[in-house]
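Asker: Data: upload.tsv, TSV, C-alpha atoms.
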```tsv
chain	number	residue	atom	x	y	z
Z	18	MET	CA	25.77	38.22	-18.45
Z	19	SER	CA	22.66	36.11	-18.01
Z	20	ALA	CA	23.55	34.09	-21.11
Z	21	THR	CA	26.90	33.19	-19.54
Z	22	ILE	CA	25.28	32.22	-16.23
Z	23	LEU	CA	22.69	30.08	-17.95
Z	24	ALA	CA	25.10	28.37	-20.32
Z	25	GLY	CA	27.55	27.67	-17.50
Z	26	SER	CA	24.98	26.19	-15.14
Z	27	LEU	CA	23.43	24.13	-17.92
Z	28	VAL	CA	26.79	22.65	-18.84
Z	29	ALA	CA	27.46	21.89	-15.17
Z	30	ALA	CA	24.06	20.22	-14.81
Z	31	GLN	CA	24.60	18.19	-17.95
Z	32	ILE	CA	28.00	16.99	-16.77
Z	33	MET	CA	26.45	15.88	-13.47
Z	34	LEU	CA	23.63	14.08	-15.23
Z	35	VAL	CA	26.09	12.30	-17.52
Z	36	LEU	CA	28.10	11.23	-14.48
Z	37	ALA	CA	24.87	9.95	-12.92
Z	38	MET	CA	24.19	7.98	-16.09
Z	39	ALA	CA	27.69	6.54	-15.93
Z	40	ALA	CA	27.04	5.41	-12.33
Z	41	THR	CA	23.79	3.70	-13.33
Z	42	ALA	CA	25.50	2.12	-16.33
Z	43	TYR	CA	28.17	0.76	-14.00
Z	44	ARG	CA	25.46	-0.82	-11.84
Z	45	MET	CA	23.73	-2.17	-14.92
Z	46	ILE	CA	26.89	-3.91	-16.11
Z	47	ARG	CA	28.08	-4.98	-12.69
Z	48	GLY	CA	24.80	-6.48	-11.53
Z	49	PRO	CA	25.15	-8.68	-9.57
Z	50	ARG	CA	21.53	-9.78	-9.96
Z	51	ALA	CA	18.80	-9.15	-12.51
Z	52	GLN	CA	16.83	-6.88	-10.17
Z	53	ASP	CA	19.87	-4.61	-9.75
Z	54	ARG	CA	20.17	-4.25	-13.49
Z	55	ILE	CA	16.49	-3.41	-13.92
Z	56	LEU	CA	16.64	-0.87	-11.11
Z	57	ALA	CA	19.65	0.73	-12.79
Z	58	LEU	CA	17.89	0.75	-16.16
Z	59	ASP	CA	14.93	2.58	-14.62
Z	60	ALA	CA	17.22	5.21	-13.10
Z	61	PHE	CA	19.02	5.46	-16.46
Z	62	TYR	CA	15.73	6.32	-18.17
Z	63	VAL	CA	14.99	9.07	-15.65
Z	64	ASN	CA	18.46	10.56	-16.08
Z	65	ALA	CA	18.12	10.53	-19.85
Z	66	MET	CA	14.79	12.30	-19.49
Z	67	LEU	CA	16.25	15.04	-17.29
Z	68	LEU	CA	19.19	15.41	-19.67
Z	69	LEU	CA	16.75	15.97	-22.52
Z	70	VAL	CA	14.98	18.66	-20.47
Z	71	THR	CA	18.28	20.50	-20.01
Z	72	PHE	CA	18.87	20.23	-23.77
Z	73	GLY	CA	15.42	21.73	-24.23
Z	74	ILE	CA	16.35	24.72	-22.07
Z	75	ARG	CA	19.62	25.16	-23.94
Z	76	THR	CA	18.12	25.21	-27.39
Z	77	GLY	CA	14.89	26.91	-26.37
Z	78	THR	CA	12.71	24.43	-28.23
Z	79	THR	CA	9.77	22.58	-26.75
Z	80	LEU	CA	10.23	19.56	-28.99
Z	81	TYR	CA	12.42	17.93	-26.37
Z	82	PHE	CA	9.61	17.82	-23.83
Z	83	GLU	CA	7.55	15.52	-25.95
Z	84	VAL	CA	10.53	13.24	-26.36
Z	85	ALA	CA	11.05	13.34	-22.58
Z	86	LEU	CA	7.43	12.34	-21.98
Z	87	ALA	CA	7.75	9.48	-24.45
Z	88	ILE	CA	10.92	8.27	-22.73
Z	89	GLY	CA	9.20	8.43	-19.35
Z	90	LEU	CA	6.27	6.37	-20.64
Z	91	LEU	CA	8.45	3.76	-22.31
Z	92	GLY	CA	10.67	3.52	-19.24
Z	93	PHE	CA	7.68	2.92	-16.98
Z	94	VAL	CA	6.12	0.23	-19.18
Z	95	GLY	CA	9.47	-1.44	-19.78
Z	96	THR	CA	10.40	-1.59	-16.12
Z	97	VAL	CA	6.98	-2.90	-15.09
Z	98	ALA	CA	7.17	-5.63	-17.73
Z	99	LEU	CA	10.66	-6.63	-16.63
Z	100	ALA	CA	9.68	-6.69	-12.94
Z	101	LYS	CA	6.65	-8.81	-13.78
Z	102	PHE	CA	8.91	-11.15	-15.72
Z	103	LEU	CA	11.22	-11.52	-12.73
Z	104	MET	CA	8.33	-12.32	-10.45
Z	105	ARG	CA	6.57	-14.94	-12.57
Z	106	GLY	CA	8.83	-15.84	-15.47
Z	107	GLU	CA	6.13	-14.59	-17.84
Z	108	VAL	CA	5.24	-11.08	-18.96
Z	109	ILE	CA	1.58	-11.69	-19.68
Z	110	GLU	CA	-0.35	-13.91	-17.32
X	15	MET	CA	-25.40	9.95	-14.81
X	16	SER	CA	-23.48	7.03	-13.47
X	17	ARG	CA	-24.42	4.89	-16.47
X	18	ILE	CA	-23.15	7.40	-19.04
X	19	LEU	CA	-20.19	8.73	-17.07
X	20	PRO	CA	-19.16	6.24	-14.40
X	21	TYR	CA	-15.98	7.97	-13.24
X	22	PRO	CA	-16.45	11.74	-13.64
X	23	ALA	CA	-13.22	12.65	-11.82
X	24	LEU	CA	-11.15	10.34	-14.01
X	25	ALA	CA	-12.74	11.69	-17.19
X	26	ALA	CA	-12.14	15.28	-16.05
X	27	ALA	CA	-8.50	14.53	-15.18
X	28	LEU	CA	-7.93	12.97	-18.61
X	29	LEU	CA	-9.52	15.98	-20.30
X	30	VAL	CA	-7.20	18.33	-18.39
X	31	MET	CA	-4.21	16.18	-19.30
X	32	TRP	CA	-5.22	16.18	-22.95
X	33	LEU	CA	-5.49	19.96	-22.98
X	34	LEU	CA	-2.13	20.34	-21.23
X	35	LEU	CA	-0.48	18.02	-23.74
X	36	ASN	CA	-1.86	19.94	-26.68
X	37	GLN	CA	-1.39	23.30	-24.98
X	38	SER	CA	-4.65	24.68	-26.31
X	39	VAL	CA	-8.25	25.19	-25.24
X	40	ALA	CA	-9.66	25.19	-28.79
X	41	PRO	CA	-13.17	23.69	-29.04
X	42	GLY	CA	-11.89	20.84	-31.21
X	43	GLN	CA	-9.33	19.81	-28.63
X	44	MET	CA	-11.96	20.07	-25.88
X	45	LEU	CA	-14.21	17.74	-27.85
X	46	LEU	CA	-11.44	15.21	-28.56
X	47	GLY	CA	-10.29	15.30	-24.95
X	48	SER	CA	-13.83	14.77	-23.69
X	49	ILE	CA	-14.26	11.78	-25.99
X	50	VAL	CA	-11.00	10.27	-24.73
X	51	GLY	CA	-12.02	10.92	-21.13
X	52	VAL	CA	-15.48	9.37	-21.47
X	53	LEU	CA	-14.17	6.33	-23.34
X	54	ALA	CA	-11.49	5.75	-20.72
X	55	ALA	CA	-14.07	6.08	-17.94
X	56	LEU	CA	-16.28	3.51	-19.67
X	57	ALA	CA	-13.31	1.18	-20.09
X	58	MET	CA	-12.54	1.65	-16.39
X	59	ALA	CA	-16.15	0.80	-15.51
X	60	ALA	CA	-15.78	-2.48	-17.40
X	61	LEU	CA	-13.02	-3.40	-14.94
X	62	ARG	CA	-15.38	-2.62	-12.04
X	63	PRO	CA	-12.95	-1.49	-9.38
X	64	GLU	CA	-14.58	-0.24	-6.20
X	65	LYS	CA	-14.90	3.51	-6.17
X	66	PRO	CA	-12.75	5.51	-3.78
X	67	ARG	CA	-14.73	7.72	-1.46
X	68	ILE	CA	-12.81	10.78	-0.51
X	69	ARG	CA	-14.47	12.15	2.58
X	70	ARG	CA	-12.60	15.32	3.33
X	71	LEU	CA	-10.96	17.14	0.47
X	72	GLY	CA	-9.29	19.70	2.73
X	73	LEU	CA	-7.22	17.01	4.39
X	74	VAL	CA	-5.84	15.95	1.01
X	75	LEU	CA	-4.09	19.30	0.69
X	76	ARG	CA	-2.65	18.90	4.17
X	77	LEU	CA	-1.40	15.43	3.26
X	78	VAL	CA	0.27	16.78	0.10
X	79	ALA	CA	2.01	19.51	2.11
X	80	LEU	CA	3.13	17.01	4.73
X	81	VAL	CA	4.51	14.61	2.11
X	82	THR	CA	6.35	17.40	0.28
X	83	ILE	CA	8.10	18.49	3.47
X	84	ASP	CA	9.02	14.92	4.45
X	85	VAL	CA	10.28	14.05	0.97
X	86	ALA	CA	12.45	17.19	0.91
X	87	ARG	CA	13.89	16.35	4.32
X	88	SER	CA	14.66	12.73	3.49
X	89	ASN	CA	16.13	13.75	0.12
X	90	LEU	CA	18.82	15.66	1.97
X	91	ALA	CA	19.27	12.89	4.53
X	92	VAL	CA	19.78	10.20	1.88
X	93	ALA	CA	22.09	12.41	-0.19
X	94	ARG	CA	24.21	12.91	2.94
X	95	ILE	CA	24.32	9.16	3.62
X	96	VAL	CA	25.39	8.41	0.04
X	97	LEU	CA	28.05	11.10	-0.04
X	98	ALA	CA	29.40	10.05	3.36
X	99	GLY	CA	30.52	6.88	1.61
X	100	GLY	CA	30.85	3.32	2.72
X	101	ARG	CA	32.51	3.97	6.03
X	102	ARG	CA	29.27	4.31	7.95
X	103	GLU	CA	28.05	1.37	9.97
X	104	GLN	CA	25.24	-0.83	8.71
X	105	THR	CA	21.97	0.85	9.70
X	106	SER	CA	19.52	-0.36	7.04
X	107	ALA	CA	16.92	-2.86	8.18
X	108	PHE	CA	13.56	-4.47	7.51
X	109	LEU	CA	10.69	-3.33	9.68
X	110	HIS	CA	7.20	-4.69	10.36
X	111	VAL	CA	4.55	-2.05	10.95
X	112	PRO	CA	1.02	-2.95	12.06
X	113	LEU	CA	-1.64	-0.80	10.36
X	114	ARG	CA	-5.24	0.10	11.17
X	115	LEU	CA	-5.92	1.26	7.61
X	116	THR	CA	-7.75	-1.36	5.54
X	117	ASP	CA	-9.21	0.70	2.70
X	118	ARG	CA	-7.56	-0.36	-0.59
X	119	HIS	CA	-7.21	3.14	-1.95
X	120	GLY	CA	-5.81	4.44	1.31
X	121	LEU	CA	-3.28	1.63	1.36
X	122	ALA	CA	-2.28	2.36	-2.24
X	123	VAL	CA	-1.69	6.01	-1.40
X	124	LEU	CA	0.29	5.10	1.71
X	125	ALA	CA	2.41	2.64	-0.28
X	126	CYS	CA	3.20	5.30	-2.88
X	127	ILE	CA	4.09	7.85	-0.20
X	128	VAL	CA	6.39	5.44	1.63
X	129	THR	CA	8.13	4.32	-1.55
X	130	ALA	CA	8.43	7.79	-3.07
X	131	THR	CA	10.15	9.01	0.08
X	132	PRO	CA	13.86	8.33	-0.26
X	133	GLY	CA	15.05	6.23	2.62
X	134	SER	CA	12.01	4.01	2.96
X	135	ALA	CA	10.44	1.44	0.65
X	136	TRP	CA	7.19	-0.51	0.90
X	137	LEU	CA	7.87	-4.17	0.24
X	138	GLU	CA	4.89	-6.29	1.14
X	139	TYR	CA	1.45	-6.04	2.75
X	140	SER	CA	-0.51	-8.80	4.41
X	141	PRO	CA	-4.28	-8.19	4.51
X	142	ALA	CA	-4.74	-11.14	6.89
X	143	ARG	CA	-2.56	-9.59	9.58
X	144	SER	CA	-2.92	-5.99	8.33
X	145	CYS	CA	0.79	-5.61	8.72
X	146	VAL	CA	3.28	-4.14	6.29
X	147	LEU	CA	6.95	-4.89	5.67
X	148	ILE	CA	9.06	-1.84	4.86
X	149	HIS	CA	12.77	-1.39	4.34
X	150	VAL	CA	14.47	1.60	5.91
X	151	LEU	CA	17.86	2.86	4.80
X	152	ASP	CA	18.84	4.64	7.98
X	153	LEU	CA	17.14	2.94	10.90
X	154	ILE	CA	18.08	4.50	14.20
X	155	ASP	CA	14.95	4.10	16.26
X	156	GLU	CA	12.43	1.47	15.20
X	157	GLN	CA	9.60	2.84	17.33
X	158	GLN	CA	10.10	6.32	15.93
X	159	TRP	CA	9.53	5.05	12.38
X	160	ILE	CA	6.41	3.16	13.37
X	161	ASP	CA	5.10	6.26	15.13
X	162	THR	CA	5.80	8.48	12.11
X	163	LEU	CA	4.03	6.12	9.77
X	164	THR	CA	0.98	5.55	11.92
X	165	ASN	CA	0.54	8.97	13.48
X	166	ARG	CA	1.61	11.24	10.65
X	167	TYR	CA	0.14	9.50	7.62
X	168	GLU	CA	-2.18	6.73	8.67
X	169	THR	CA	-4.38	8.91	10.85
X	170	LEU	CA	-4.84	11.39	8.01
X	171	LEU	CA	-5.55	8.64	5.48
X	172	LEU	CA	-8.04	7.04	7.84
X	173	GLU	CA	-9.92	10.32	8.04
X	174	ILE	CA	-9.80	10.81	4.27
X	175	PHE	CA	-10.82	7.36	3.11
X	176	GLN	CA	-12.65	5.53	5.86
Q	7	MET	CA	19.63	30.68	-27.56
Q	8	SER	CA	18.43	34.04	-28.86
Q	9	ASP	CA	16.36	35.06	-25.85
Q	10	MET	CA	18.95	33.99	-23.30
Q	11	ALA	CA	20.84	37.28	-23.46
Q	12	GLU	CA	17.74	39.40	-22.92
Q	13	MET	CA	16.74	37.62	-19.73
Q	14	PRO	CA	17.14	39.44	-16.39
Q	15	VAL	CA	20.17	38.28	-14.44
Q	16	ALA	CA	18.04	37.32	-11.43
Q	17	VAL	CA	15.94	34.93	-13.53
Q	18	ALA	CA	19.06	33.42	-15.07
Q	19	VAL	CA	20.56	32.85	-11.62
Q	20	LEU	CA	17.32	31.27	-10.39
Q	21	VAL	CA	17.12	28.92	-13.39
Q	22	GLY	CA	20.78	28.01	-13.02
Q	23	LEU	CA	20.43	27.25	-9.32
Q	24	LEU	CA	17.33	25.11	-9.85
Q	25	VAL	CA	18.83	23.11	-12.70
Q	26	VAL	CA	22.20	22.57	-11.02
Q	27	GLY	CA	20.56	21.68	-7.70
Q	28	GLY	CA	18.28	19.13	-9.33
Q	29	ALA	CA	21.12	17.61	-11.32
Q	30	ALA	CA	23.27	17.39	-8.20
Q	31	LEU	CA	20.54	15.59	-6.26
Q	32	THR	CA	19.98	13.16	-9.13
Q	33	ALA	CA	23.69	12.52	-9.41
Q	34	ALA	CA	23.91	11.87	-5.65
Q	35	GLY	CA	21.10	9.34	-5.97
Q	36	CYS	CA	22.76	7.53	-8.85
Q	37	LEU	CA	26.08	7.56	-7.04
Q	38	GLY	CA	24.23	5.76	-4.26
Q	39	LEU	CA	23.00	3.23	-6.77
Q	40	ALA	CA	26.61	2.43	-7.61
Q	41	ARG	CA	27.89	2.65	-4.04
Q	42	LEU	CA	25.41	1.05	-1.65
Q	43	GLY	CA	25.93	-2.55	-0.70
Q	44	THR	CA	22.71	-4.55	-1.07
Q	45	PHE	CA	19.74	-4.44	-3.42
Q	46	TYR	CA	17.35	-3.31	-0.69
Q	47	GLU	CA	19.62	-0.39	0.14
Q	48	ARG	CA	20.00	0.53	-3.51
Q	49	ILE	CA	16.26	0.68	-4.05
Q	50	HIS	CA	16.20	3.92	-2.05
Q	51	ALA	CA	18.70	5.67	-4.32
Q	52	PRO	CA	16.73	6.39	-7.53
Q	53	THR	CA	13.91	8.15	-5.67
Q	54	LEU	CA	16.26	11.08	-5.12
Q	55	GLY	CA	16.31	11.69	-8.86
Q	56	THR	CA	12.60	11.16	-9.35
Q	57	SER	CA	11.37	13.27	-6.46
Q	58	PHE	CA	13.22	16.51	-5.87
Q	59	GLY	CA	15.88	16.00	-8.55
Q	60	ALA	CA	13.27	15.98	-11.29
Q	61	LEU	CA	11.19	18.62	-9.51
Q	62	LEU	CA	14.06	21.13	-9.41
Q	63	VAL	CA	15.23	20.56	-12.99
Q	64	LEU	CA	11.67	20.80	-14.33
Q	65	ALA	CA	10.95	23.86	-12.19
Q	66	GLY	CA	14.04	25.51	-13.67
Q	67	SER	CA	12.80	24.72	-17.15
Q	68	ALA	CA	9.31	26.02	-16.33
Q	69	VAL	CA	10.73	29.30	-14.99
Q	70	TYR	CA	12.95	29.67	-18.05
Q	71	PHE	CA	10.22	29.14	-20.63
Q	72	THR	CA	7.63	31.18	-18.75
Q	73	ALA	CA	10.02	34.12	-18.36
Q	74	GLY	CA	11.70	33.95	-21.75
Q	75	GLY	CA	9.26	32.41	-24.17
Q	76	GLY	CA	6.00	34.02	-23.15
Q	77	ARG	CA	4.42	30.58	-22.97
Q	78	LEU	CA	3.06	29.35	-19.68
Q	79	ALA	CA	5.07	26.20	-19.10
Q	80	VAL	CA	2.79	23.21	-18.57
Q	81	HIS	CA	4.62	20.29	-20.13
Q	82	GLU	CA	6.98	20.24	-17.16
Q	83	VAL	CA	4.04	19.79	-14.78
Q	84	LEU	CA	2.83	16.82	-16.80
Q	85	ILE	CA	6.27	15.21	-16.87
Q	86	PHE	CA	6.71	15.65	-13.13
Q	87	VAL	CA	3.28	14.28	-12.24
Q	88	PHE	CA	3.91	11.31	-14.49
Q	89	VAL	CA	7.36	10.54	-13.10
Q	90	SER	CA	6.39	10.96	-9.47
Q	91	ILE	CA	3.35	8.71	-9.81
Q	92	THR	CA	4.95	5.91	-11.82
Q	93	THR	CA	8.25	5.54	-9.95
Q	94	PRO	CA	6.80	4.19	-6.67
Q	95	VAL	CA	4.80	1.65	-8.66
Q	96	THR	CA	7.84	0.30	-10.51
Q	97	LEU	CA	9.94	0.30	-7.36
Q	98	MET	CA	7.31	-1.64	-5.40
Q	99	LEU	CA	6.97	-4.21	-8.18
Q	100	LEU	CA	10.75	-4.61	-8.37
Q	101	ALA	CA	11.03	-4.94	-4.60
Q	102	GLN	CA	8.36	-7.62	-4.57
Q	103	ALA	CA	10.08	-9.48	-7.38
Q	104	ALA	CA	13.38	-9.29	-5.51
Q	105	LEU	CA	11.79	-10.53	-2.28
Q	106	HIS	CA	10.14	-13.37	-4.14
Q	107	ARG	CA	13.40	-14.39	-5.80
Q	108	ASP	CA	15.44	-14.17	-2.61
Q	109	ARG	CA	12.89	-16.24	-0.71
Q	110	ALA	CA	12.72	-18.83	-3.47
Q	111	GLU	CA	16.47	-19.25	-3.13
Q	112	GLY	CA	16.24	-19.55	0.63
Q	113	SER	CA	18.34	-16.47	1.32
Q	114	ASP	CA	18.53	-15.67	5.03
Q	115	GLU	CA	18.98	-11.95	4.44
Q	116	VAL	CA	15.28	-11.34	3.87
Q	117	PRO	CA	12.51	-11.83	6.42
Q	118	PRO	CA	9.98	-14.65	5.81
Q	119	PRO	CA	6.52	-13.85	4.37
Q	120	ILE	CA	4.32	-12.01	6.89
Q	121	ASP	CA	1.60	-14.63	6.70
Q	122	SER	CA	3.82	-17.65	7.26
Q	123	ASP	CA	4.64	-17.34	10.98
Q	124	ALA	CA	4.60	-14.92	13.89
Q	125	ALA	CA	6.65	-12.19	12.27
```
Do you think you could lay out the structure here as structure tokens?
Answerer:
Amino acid sequence: MSATILAGSLVAAQIMLVLAMAATAYRMIRGPRAQDRILALDAFYVNAMLLLVTFGIRTGTTLYFEVALAIGLLGFVGTVALAKFLMRGEVIE
Amino acid sequence: MSRILPYPALAAALLVMWLLLNQSVAPGQMLLGSIVGVLAALAMAALRPEKPRIRRLGLVLRLVALVTIDVARSNLAVARIVLAGGRREQTSAFLHVPLRLTDRHGLAVLACIVTATPGSAWLEYSPARSCVLIHVLDLIDEQQWIDTLTNRYETLLLEIFQ
Amino acid sequence: MSDMAEMPVAVAVLVGLLVVGGAALTAAGCLGLARLGTFYERIHAPTLGTSFGALLVLAGSAVYFTAGGGRLAVHEVLIFVFVSITTPVTLMLLAQAALHRDRAEGSDEVPPPIDSDAA
């Protein structure tokens, strides 16, 4: 019983997260400006991270959490670098 | 003390984070975490930022509770706006808010609170005029937003930091 | 998946509700990212996913692993603290970059710099 409830809700959550990723991907492709694309990329990272957490619950392994942390870190650094680039035209001042 | 360990709170926080990451309290991990914490604190001291002075720790907890409630409320509000679709009238606007808070750390915390709350974003701060530009997604009453910002958060932050 | 079947139904329902609720909030935020009209409106959308969206999903995971695995779940706390602290920083930087770019192009949709005139 509880296995069915868990599996069902996890699949539902994963479908919603994938739809969310599709929406951010649409914004990333559509633009219209560079800042929209970067904003969408940042949201994409967060969604991917949450999707990995749901995978972690499904398989019962903790390995996914480390991957999620790494994705969060890379997403943060990447977005900051891109925003900096937009502001000044250079990443390192 | 301050020469060897310039930022004790930062070093302690890094040690806790290290232990959480490794999920163990073995002596070896404690030692490694302490080394990381002390080295990071020394590196931070080389940058010489001014130290935050937190006056009243009890108020920090109250601020956290307040922010949690407000973020939960505005989460639902923004979700409703998004799901209502594009047929709503244009209500988003820029807003200038004058602030009394001048402490850098207090301003940083306020900026993070405003931006982390869905429905409002901190855009720009002018130290010369001590005025901030925010963008609000659902602006109904301008004065109400200014009051919320100054009475709810700024007063608390003033007591904590200044 | 082995310990899923042995879990009490109440815990399973709680985990399911938390995870689905968090995913729904995140999806609503990202839908807003695709739907809202201007950049400054869209900048509000991702915070749904990084505040309570992430909080609920990670809380579900923490409940699941604490109840089923015997391990006190702490990685989730780290992930949430990290996400909730970094997101405002990136959003503020992006907003400033966008303001800067719009002003450089002379767009009349954004207000002038606070210091320039009586704003």
Asker: Quick one: everything within 12 Å of Q:Pro52, counting all atoms listed in the file, minus sequence neighbours fewer than 5 positions away in the same chain. Send it as JSON, numbers by chain.
Answerer: {"Z": [37, 38, 40, 41, 53, 55, 56, 57, 58, 59, 60, 61, 62, 63, 64], "X": [89, 92, 93, 96, 129, 130, 131, 132, 133, 134, 135], "Q": [31, 32, 33, 34, 35, 36, 37, 38, 39, 40, 42, 45, 46, 47, 57, 58, 59, 60, 89, 90, 93, 94, 96, 97]}
Asker: For a quick check of your reading of the model, name the residues lying within 12 Å of the coordinate (-8.6, 18.7, -20.3), counting all atoms listed in the file, and write them as an MDAnalysis selection string.
Answerer: chainID X and resid 23:52
Asker: Write a file of the just-selected residues containing C-alpha atoms, as a compact mmCIF listing (two decimals), keeping the file's coordinate frame.
Answerer:
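Okay, this is what ended up in result-v8.txt:
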```txt
# COMPACT_ATOMS: atom_id res chain seq x y z
CA ALA X 23 -13.22 12.65 -11.82
CA LEU X 24 -11.15 10.34 -14.01
CA ALA X 25 -12.74 11.69 -17.19
CA ALA X 26 -12.14 15.28 -16.05
CA ALA X 27 -8.50 14.53 -15.18
CA LEU X 28 -7.93 12.97 -18.61
CA LEU X 29 -9.52 15.98 -20.30
CA VAL X 30 -7.20 18.33 -18.39
CA MET X 31 -4.21 16.18 -19.30
CA TRP X 32 -5.22 16.18 -22.95
CA LEU X 33 -5.49 19.96 -22.98
CA LEU X 34 -2.13 20.34 -21.23
CA LEU X 35 -0.48 18.02 -23.74
CA ASN X 36 -1.86 19.94 -26.68
CA GLN X 37 -1.39 23.30 -24.98
CA SER X 38 -4.65 24.68 -26.31
CA VAL X 39 -8.25 25.19 -25.24
CA ALA X 40 -9.66 25.19 -28.79
CA PRO X 41 -13.17 23.69 -29.04
CA GLY X 42 -11.89 20.84 -31.21
CA GLN X 43 -9.33 19.81 -28.63
CA MET X 44 -11.96 20.07 -25.88
CA LEU X 45 -14.21 17.74 -27.85
CA LEU X 46 -11.44 15.21 -28.56
CA GLY X 47 -10.29 15.30 -24.95
CA SER X 48 -13.83 14.77 -23.69
CA ILE X 49 -14.26 11.78 -25.99
CA VAL X 50 -11.00 10.27 -24.73
CA GLY X 51 -12.02 10.92 -21.13
CA VAL X 52 -15.48 9.37 -21.47
```
Asker: Using all atoms listed in the file and a cut-off of 12 Å, which residues of chain Z sit close to chain X? Please list them as JSON, numbers by chain.
Answerer: {"Z": [79, 82, 83, 86, 87]}
Asker: Those selected residues, please, written with C-alpha atoms and delivered as a PDB file, keeping the file's coordinate frame.
Answerer:
```
ATOM      1  CA  THR Z  79       9.770  22.580 -26.750  1.00  0.00           C
ATOM      2  CA  PHE Z  82       9.610  17.820 -23.830  1.00  0.00           C
ATOM      3  CA  GLU Z  83       7.550  15.520 -25.950  1.00  0.00           C
ATOM      4  CA  LEU Z  86       7.430  12.340 -21.980  1.00  0.00           C
ATOM      5  CA  ALA Z  87       7.750   9.480 -24.450  1.00  0.00           C
TER       6      ALA Z  87
END
```
Asker: So what do you get for atom CA of Z:Ala39 versus atom CA of Q:Gly43, distance-wise?
Answerer: 17.8 Å
Asker: Show which residues sit within 6 Å of stretch 102-117 of chain Q, as an MDAnalysis selection string. Count only C-alpha atoms, and ignore same-chain residues fewer than 5 positions away.
Answerer: (chainID Z and resid 103:104) or (chainID X and resid 137)
